[in-house]
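Novice: Have a peek at data02.cif (mmCIF, C-alpha atoms).
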```cif
data_final
#
loop_
_atom_site.label_atom_id
_atom_site.label_comp_id
_atom_site.auth_asym_id
_atom_site.auth_seq_id
_atom_site.Cartn_x
_atom_site.Cartn_y
_atom_site.Cartn_z
CA MET A 1 2.33 64.71 36.10
CA LYS A 2 1.37 64.92 32.47
CA GLU A 3 3.64 61.99 31.70
CA LEU A 4 1.95 59.96 34.40
CA GLU A 5 -1.48 60.73 33.00
CA ALA A 6 -0.28 59.77 29.55
CA VAL A 7 1.04 56.46 30.87
CA ARG A 8 -2.27 55.83 32.61
CA ALA A 9 -4.17 56.57 29.43
CA ILE A 10 -2.01 54.15 27.49
CA ALA A 11 -2.36 51.52 30.19
CA ASN A 12 -6.13 51.87 30.03
CA MET A 13 -6.24 51.16 26.30
CA LYS A 14 -7.92 47.86 25.62
CA PRO A 15 -5.09 46.10 23.78
CA VAL A 16 -2.63 47.08 26.51
CA ARG A 17 -4.97 45.94 29.29
CA ASP A 18 -5.51 42.67 27.49
CA LEU A 19 -1.80 42.17 27.16
CA VAL A 20 -1.16 42.98 30.83
CA SER A 21 -3.86 40.68 32.14
CA TRP A 22 -2.68 37.94 29.78
CA ALA A 23 0.83 38.33 31.16
CA ARG A 24 -0.44 38.28 34.72
CA ALA A 25 -2.51 35.18 34.14
CA TRP A 26 0.45 33.24 32.82
CA SER A 27 2.98 34.22 35.47
CA LEU A 28 1.25 33.43 38.76
CA TRP A 29 4.01 33.02 41.28
CA SER A 30 2.65 31.49 44.43
CA VAL A 31 3.27 31.67 48.14
CA HIS A 32 2.48 28.19 49.36
CA LEU A 33 1.15 28.64 52.86
CA CYS A 34 1.22 25.00 53.87
CA THR A 35 -0.71 24.79 57.12
CA GLY A 36 -2.09 21.30 56.56
CA CYS A 37 -1.39 18.12 54.66
CA CYS A 38 -2.62 19.17 51.19
CA PRO A 39 0.95 20.26 50.26
CA ASN A 40 1.63 16.57 49.71
CA GLU A 41 -0.39 17.04 46.54
CA LEU A 42 1.44 20.30 45.89
CA MET A 43 4.61 18.27 45.54
CA ALA A 44 2.96 16.15 42.89
CA VAL A 45 1.53 19.19 41.10
CA SER A 46 4.78 21.07 41.02
CA CYS A 47 6.98 18.13 40.02
CA ALA A 48 7.55 16.60 36.63
CA ARG A 49 4.44 14.49 36.14
CA PHE A 50 1.77 17.20 36.45
CA ASP A 51 4.11 20.18 36.31
CA TRP A 52 2.07 23.32 36.86
CA GLU A 53 4.95 25.40 35.61
CA ARG A 54 3.44 24.65 32.20
CA PHE A 55 0.74 27.13 33.29
CA GLY A 56 3.25 29.68 34.48
CA THR A 57 2.81 28.93 38.16
CA LEU A 58 5.92 28.71 40.25
CA PRO A 59 6.11 28.05 43.98
CA PHE A 60 8.40 30.81 45.10
CA ALA A 61 10.18 31.56 48.33
CA SER A 62 9.95 35.34 48.68
CA LEU A 63 6.37 36.45 49.24
CA ARG A 64 7.16 40.04 48.28
CA GLU A 65 7.58 38.93 44.68
CA CYS A 66 4.51 36.70 44.58
CA ASP A 67 0.98 37.44 43.44
CA LEU A 68 -0.83 34.24 44.36
CA LEU A 69 -1.47 33.00 47.89
CA ILE A 70 -2.34 29.32 48.19
CA VAL A 71 -3.70 28.33 51.58
CA THR A 72 -3.63 24.56 52.02
CA GLY A 73 -5.03 23.39 55.29
CA PHE A 74 -6.37 24.45 58.68
CA VAL A 75 -5.97 28.04 59.73
CA THR A 76 -6.09 28.26 63.51
CA ASN A 77 -7.06 31.40 65.38
CA LYS A 78 -3.42 31.93 66.25
CA MET A 79 -2.37 31.50 62.63
CA ALA A 80 -5.11 33.84 61.34
CA LYS A 81 -3.13 36.92 62.30
CA ARG A 82 -0.08 35.59 60.46
CA VAL A 83 -2.10 34.72 57.35
CA LYS A 84 -3.33 38.30 57.20
CA LEU A 85 0.20 39.56 57.69
CA ILE A 86 1.45 37.43 54.80
CA TYR A 87 -1.41 38.61 52.60
CA ASP A 88 -0.71 42.25 53.44
CA GLN A 89 2.94 41.92 52.55
CA MET A 90 2.23 40.70 49.03
CA PRO A 91 2.21 43.36 46.29
CA GLU A 92 -0.95 44.17 44.34
CA PRO A 93 -2.53 42.63 42.34
CA LYS A 94 -2.87 39.49 44.43
CA TYR A 95 -5.09 36.45 44.26
CA VAL A 96 -6.02 33.79 46.77
CA ILE A 97 -6.67 30.11 46.08
CA VAL A 98 -7.96 27.99 48.94
CA VAL A 99 -7.27 24.28 48.70
CA GLY A 100 -8.85 21.45 50.65
CA HIS A 101 -11.88 21.14 52.91
CA CYS A 102 -10.02 22.26 56.01
CA ALA A 103 -9.13 25.61 54.52
CA ILE A 104 -12.54 26.09 52.90
CA THR A 105 -14.83 25.36 55.85
CA GLY A 106 -12.71 24.32 58.80
CA GLY A 107 -12.96 20.68 57.80
CA LEU A 108 -13.33 17.88 60.28
CA TRP A 109 -12.72 20.06 63.33
CA TRP A 110 -14.86 23.05 62.37
CA ASP A 111 -16.41 23.06 65.86
CA SER A 112 -13.05 23.15 67.61
CA TYR A 113 -11.88 25.92 69.93
CA SER A 114 -8.98 26.89 67.71
CA VAL A 115 -10.03 26.55 64.08
CA VAL A 116 -11.15 29.37 61.78
CA GLN A 117 -14.19 28.20 59.83
CA GLY A 118 -12.80 28.92 56.40
CA VAL A 119 -10.13 31.24 55.08
CA ASP A 120 -12.81 33.43 53.45
CA LYS A 121 -13.53 34.76 56.95
CA LEU A 122 -10.13 36.46 56.71
CA LEU A 123 -9.25 37.10 53.07
CA PRO A 124 -11.06 37.68 49.78
CA VAL A 125 -10.85 34.27 48.10
CA ASP A 126 -10.81 33.92 44.32
CA VAL A 127 -10.94 30.18 43.72
CA TYR A 128 -11.91 27.26 45.96
CA VAL A 129 -10.47 23.83 45.19
CA PRO A 130 -12.41 21.27 47.24
CA GLY A 131 -11.09 17.83 48.08
CA CYS A 132 -9.45 16.00 50.91
CA PRO A 133 -6.86 16.39 49.49
CA PRO A 134 -7.75 17.47 45.93
CA ARG A 135 -6.16 15.59 43.05
CA PRO A 136 -3.41 17.36 41.12
CA GLU A 137 -5.83 17.72 38.22
CA ALA A 138 -8.14 19.69 40.51
CA TRP A 139 -5.29 22.00 41.46
CA ILE A 140 -4.54 22.62 37.81
CA GLN A 141 -8.22 23.24 37.11
CA GLY A 142 -8.21 25.77 39.93
CA ILE A 143 -5.21 27.54 38.42
CA GLN A 144 -6.91 27.59 35.02
CA MET A 145 -10.10 29.00 36.52
CA LEU A 146 -8.09 31.78 38.12
CA GLN A 147 -6.37 32.50 34.81
CA GLU A 148 -9.73 32.69 33.11
CA LYS A 149 -10.97 35.05 35.80
CA ILE A 150 -7.95 37.31 35.43
CA ILE A 151 -8.17 37.46 31.64
CA LYS A 152 -11.93 38.03 31.57
CA ASN A 153 -11.96 40.64 34.31
CA ARG A 154 -9.15 42.64 32.72
CA LEU A 155 -8.20 43.95 36.11
CA MET B 1 18.98 -9.00 80.34
CA ILE B 2 15.22 -8.32 80.38
CA VAL B 3 14.84 -10.31 83.59
CA GLU B 4 17.56 -8.23 85.16
CA LEU B 5 15.79 -4.99 84.22
CA THR B 6 12.47 -6.23 85.55
CA GLU B 7 14.19 -6.97 88.82
CA TRP B 8 15.44 -3.43 88.85
CA ASP B 9 11.90 -2.16 88.23
CA GLN B 10 10.65 -4.15 91.20
CA LYS B 11 13.50 -2.71 93.25
CA VAL B 12 12.39 0.82 92.35
CA VAL B 13 8.83 0.06 93.39
CA ASP B 14 9.86 -1.52 96.68
CA GLU B 15 12.24 1.26 97.53
CA ILE B 16 9.70 3.96 96.79
CA LYS B 17 7.15 2.16 98.93
CA THR B 18 9.52 1.83 101.88
CA SER B 19 10.91 5.36 101.58
CA PHE B 20 7.56 7.13 101.33
CA PRO B 21 5.00 4.94 103.11
CA GLN B 22 2.71 7.91 103.75
CA ALA B 23 2.91 9.53 100.34
CA VAL B 24 2.66 6.60 97.96
CA LEU B 25 -0.89 5.40 97.39
CA GLU B 26 -0.02 2.77 94.83
CA ALA B 27 3.15 1.54 93.16
CA LYS B 28 3.43 -1.33 90.76
CA VAL B 29 5.31 -2.73 87.81
CA GLN B 30 2.81 -2.76 84.98
CA ARG B 31 4.96 -4.85 82.66
CA ASP B 32 8.56 -4.96 81.46
CA SER B 33 10.15 -1.57 82.00
CA ARG B 34 6.86 0.18 82.78
CA ILE B 35 6.26 1.46 86.31
CA ILE B 36 3.22 3.30 87.69
CA ILE B 37 3.42 5.22 90.93
CA THR B 38 0.46 7.11 92.37
CA VAL B 39 1.25 9.64 95.07
CA LYS B 40 -0.52 12.25 97.16
CA LYS B 41 -0.30 15.68 95.63
CA GLU B 42 1.46 17.25 98.63
CA SER B 43 4.46 14.97 98.36
CA ILE B 44 4.98 14.82 94.59
CA LEU B 45 8.03 17.08 94.83
CA GLU B 46 10.01 14.91 97.24
CA VAL B 47 9.09 11.70 95.43
CA ALA B 48 10.17 13.18 92.12
CA ARG B 49 13.42 14.43 93.61
CA TYR B 50 14.12 10.98 95.00
CA LEU B 51 13.34 9.40 91.63
CA LYS B 52 15.73 11.70 89.84
CA ASP B 53 18.61 11.67 92.33
CA LYS B 54 18.54 8.05 93.50
CA MET B 55 16.72 6.11 90.80
CA GLU B 56 18.26 7.63 87.66
CA PHE B 57 15.04 8.89 86.08
CA ASP B 58 16.77 11.70 84.24
CA HIS B 59 14.53 12.43 81.25
CA PRO B 60 11.01 13.85 81.74
CA ALA B 61 9.15 12.63 78.68
CA SER B 62 5.75 14.27 79.08
CA VAL B 63 3.24 15.90 81.39
CA ALA B 64 -0.44 15.27 80.84
CA ALA B 65 -3.68 15.65 82.71
CA ILE B 66 -7.04 13.93 82.48
CA ASP B 67 -10.35 15.44 83.52
CA TYR B 68 -12.74 13.10 85.35
CA PRO B 69 -15.99 15.05 85.64
CA ALA B 70 -17.82 12.30 87.56
CA ARG B 71 -15.19 12.26 90.32
CA LYS B 72 -14.64 16.05 90.01
CA GLU B 73 -10.93 15.36 89.81
CA LEU B 74 -8.00 16.09 87.56
CA GLU B 75 -5.33 13.43 87.25
CA VAL B 76 -1.88 14.78 86.42
CA ILE B 77 0.64 12.31 85.00
CA TYR B 78 4.36 12.87 84.70
CA HIS B 79 6.24 10.42 82.50
CA ALA B 80 9.90 10.05 83.29
CA TRP B 81 12.33 7.96 81.32
CA SER B 82 15.52 6.42 82.66
CA THR B 83 18.11 6.52 79.92
CA SER B 84 20.47 4.20 81.78
CA LYS B 85 17.92 1.57 82.82
CA LYS B 86 15.58 1.95 79.82
CA THR B 87 12.48 2.24 81.95
CA LEU B 88 9.45 4.49 81.69
CA LEU B 89 7.82 5.63 84.88
CA ALA B 90 4.41 7.24 85.26
CA LEU B 91 4.11 9.43 88.31
CA LYS B 92 0.43 10.13 88.94
CA THR B 93 -1.44 12.35 91.30
CA THR B 94 -5.02 13.60 91.55
CA LEU B 95 -6.26 17.10 92.25
CA PRO B 96 -9.76 18.39 92.97
CA VAL B 97 -11.13 20.37 90.01
CA ALA B 98 -12.16 23.20 92.32
CA GLU B 99 -8.58 23.74 93.47
CA PRO B 100 -6.20 22.49 90.78
CA HIS B 101 -2.99 23.56 92.46
CA LEU B 102 0.17 21.48 92.24
CA GLU B 103 3.82 22.02 93.02
CA SER B 104 5.79 22.55 89.81
CA LEU B 105 8.56 20.05 89.10
CA THR B 106 10.66 22.47 87.07
CA SER B 107 13.09 22.69 90.00
CA ILE B 108 13.85 18.99 89.51
CA TRP B 109 13.47 18.43 85.77
CA ASN B 110 13.98 21.58 83.70
CA GLY B 111 12.43 19.83 80.73
CA VAL B 112 8.89 19.82 82.12
CA ASP B 113 8.71 23.60 81.65
CA PHE B 114 6.81 23.65 78.35
CA HIS B 115 4.79 20.55 79.20
CA GLU B 116 3.52 22.18 82.37
CA ARG B 117 2.70 25.35 80.47
CA GLU B 118 0.66 23.33 78.00
CA THR B 119 -1.12 21.43 80.77
CA HIS B 120 -1.86 24.73 82.49
CA GLU B 121 -3.27 26.18 79.32
CA MET B 122 -5.30 23.20 78.16
CA LEU B 123 -6.60 21.86 81.50
CA GLY B 124 -6.16 24.74 83.89
CA VAL B 125 -3.75 23.13 86.35
CA GLU B 126 -1.97 25.83 88.38
CA PHE B 127 1.67 24.87 88.87
CA ALA B 128 3.08 26.72 91.87
CA GLY B 129 6.71 27.72 91.51
CA HIS B 130 6.78 27.55 87.72
CA PRO B 131 9.09 30.27 86.33
CA LYS B 132 6.79 31.41 83.50
CA LEU B 133 3.29 30.03 83.59
CA VAL B 134 1.73 31.79 80.59
CA GLY B 135 0.03 30.62 77.41
CA LEU B 136 1.92 28.53 74.91
CA LEU B 137 -0.23 27.15 72.10
CA LEU B 138 -3.53 29.00 72.08
CA GLN B 139 -3.93 32.44 70.55
CA GLU B 140 -2.49 35.32 72.53
CA ASP B 141 -5.83 36.89 73.44
CA TRP B 142 -7.47 33.66 74.62
CA THR B 143 -9.87 34.38 77.46
CA GLY B 144 -12.11 31.32 77.59
CA PRO B 145 -11.95 28.37 79.96
CA PRO B 146 -9.33 25.62 79.48
CA PRO B 147 -10.42 23.91 76.27
CA LEU B 148 -9.56 20.31 77.10
CA ARG B 149 -11.81 20.16 80.17
CA LYS B 150 -14.83 17.94 79.61
CA ASP B 151 -17.29 20.75 80.35
CA PHE B 152 -15.87 22.95 77.59
CA LYS B 153 -18.59 23.76 75.08
CA LEU B 154 -17.65 23.22 71.44
CA ARG B 155 -19.33 25.24 68.73
CA THR B 156 -22.68 23.88 67.65
CA THR B 157 -23.46 26.12 64.66
CA PHE B 158 -21.46 26.76 61.56
CA GLY B 159 -20.48 30.29 60.65
#
```
Take the structure I supplied and represent it as structure tokens, if you would.
Specialist:
Amino acid sequence: MKELEAVRAIANMKPVRDLVSWARAWSLWSVHLCTGCCPNELMAVSCARFDWERFGTLPFASLRECDLLIVTGFVTNKMAKRVKLIYDQMPEPKYVIVVGHCAITGGLWWDSYSVVQGVDKLLPVDVYVPGCPPRPEAWIQGIQMLQEKIIKNRL
Amino acid sequence: MIVELTEWDQKVVDEIKTSFPQAVLEAKVQRDSRIIITVKKESILEVARYLKDKMEFDHPASVAAIDYPARKELEVIYHAWSTSKKTLLALKTTLPVAEPHLESLTSIWNGVDFHERETHEMLGVEFAGHPKLVGLLLQEDWTGPPPLRKDFKLRTTFG
């Protein structure tokens, strides 16, 4: 146990924490939960022209190795359970970015019988990227805001 | 070729009219390769069986229903496609909203299974004889009224 306490003490030292949060901020691997049509912009963001891998973000297949959940589009009441399940399966620390009006507020059909009025009813959201759909620059700004948040918070 | 098919459409309409004079309320060729047949709800099963066995309507394309609140009626529409004759047929019937019971056509066309489940869920039509008439698209714990009826109340406040 003493070793564990020693490791914790080292991990709590400011330079180490800074280093860890810096590393986290620049290796955000993302689950892309594409429930709407905003992923069309995701293709542009992740491909050569805008290329968010410059910022360390990589759309990845296995959600158990990811630390960023990107919800892009409507979440229906039926899907809400699954979104929670996906979020619960991701390892800590984890961050949520919500992209597009539909995911932020429920969008055009907010009064419908099946639509959740915003993903923040289900999950703690870190960054909102508004737009219908948002431009790739807005996505990248959202990623940068999250990086800033991670580095400043020193989680 | 098109003329020939239109003749076949007219033949379908005439034959349905002569075979089921009591059941068929209206039958007409709308335009090239489009037929509309309106029947009484009690006899939809036999008309559909005749259409499939004798008239080569082998592919059920869709099942839909429309709510008419002024008439207090639900109109159920089966679309059947004939792959050999390239003709789309709409088989219509009307039900009172108070008693939306209809004979299921799954015994004739297996493919209407999911369509009837959706129509049941969204408009509350009860299909008698359906093998598994449970929810399909809505959330599992849905308890409200059928959401595509006209009297369904949408949310009015945000949050």
Novice: Decode the PyMOL selection byres ((chain B and resi 129) around 9) for the given file into explicit residues and return them as a ChimeraX atom specification.
Specialist: /B:103-107,127-128,130-133
Novice: Might you spell out which residues the PyMOL selection byres ((chain B and resi 74) around 12) would select in the displayed file, as number ranges by chain?
Specialist: B: 41, 64-73, 75-77, 92-102, 119-120, 123-126, 148-150
Novice: To one decimal place, how far is CA of Gly111 (chain B) from CA of Val63 (chain B) in Å?
Specialist: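 Going from CA of Gly111 (chain B) over to CA of Val63 (chain B) covers 10.0 Å.
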Novice: So how far away is CA of Glu137 (chain A) from CA of Phe50 (chain A), in Å?
Specialist: 7.8 Å
Novice: With the file shown as input, list the residues that the PyMOL selection byres ((chain B) within 8 of (chain A)) selects, as a list of chain:residue names.
Specialist: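 Expected selection for the PyMOL selection byres ((chain B) within 8 of (chain A)) here is B:Leu138, B:Gln139, B:Glu140, B:Pro147, B:Leu154, B:Arg155, B:Thr156, B:Thr157, B:Phe158, B:Gly159.
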Novice: At what distance in Å, to one decimal, does CA of Pro124 (chain A) lie from CA of Tyr95 (chain A)?
Specialist: 8.2 Å
Novice: Contacts of region 148-154 of chain A at 8 Å or less, counting all atoms listed in the file, minus same-chain residues fewer than 3 places along, as a list of chain:residue names?
Specialist: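 Listing them by chain and then by number gives A:Arg17, A:Asp18, A:Ser21, A:Trp22, A:Arg24, A:Ala25, A:Gln144, A:Met145.
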Novice: Compute the distance from (-4.2, 42.8, 54.9) to each atom, counting only C-alpha atoms, keep the residues with any atom at most 7 Å away, and return them as a PDB file with C-alpha atoms, in the frame of the given file; use the coordinates of the file.
Specialist:
```pdb
ATOM      1  CA  LYS A  84      -3.330  38.300  57.200  1.00  0.00           C
ATOM      2  CA  LEU A  85       0.200  39.560  57.690  1.00  0.00           C
ATOM      3  CA  TYR A  87      -1.410  38.610  52.600  1.00  0.00           C
ATOM      4  CA  ASP A  88      -0.710  42.250  53.440  1.00  0.00           C
TER       5      ASP A  88
END
```
Novice: Taking all atoms of region 105-115 of chain A that the file lists, what box with edges along x, y and z, padded by 8 Å per side, do you get, with centre and edge lengths in Å to one decimal, as AutoDock Vina command-line options?
Specialist:
```
--center_x -12.7 --center_y 22.4 --center_z 62.9 --size_x 23.4 --size_y 25.0 --size_z 30.1
```
Novice: Tell me which of B:Arg34, B:Lys11, B:Thr6, B:Glu121 sits closest to Pro146 (chain B), counting only C-alpha atoms.
Specialist: B:Glu121
Novice: Just the residues within 7 Å of Lys28 (chain B), please, counting all atoms listed in the file, with nothing from its chain fewer than 3 positions along; format it as a list in words.
Specialist: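 Residues near the query, excluding close chain neighbours: Val13, Ile35, Ile36 and Ile37 of chain B.
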Novice: Create the file for the chosen residues now, containing C-alpha atoms and written as a PDB file, in the frame of the given file.
Specialist:
```pdb
ATOM      1  CA  VAL B  13       8.830   0.060  93.390  1.00  0.00           C
ATOM      2  CA  ILE B  35       6.260   1.460  86.310  1.00  0.00           C
ATOM      3  CA  ILE B  36       3.220   3.300  87.690  1.00  0.00           C
ATOM      4  CA  ILE B  37       3.420   5.220  90.930  1.00  0.00           C
TER       5      ILE B  37
END
```
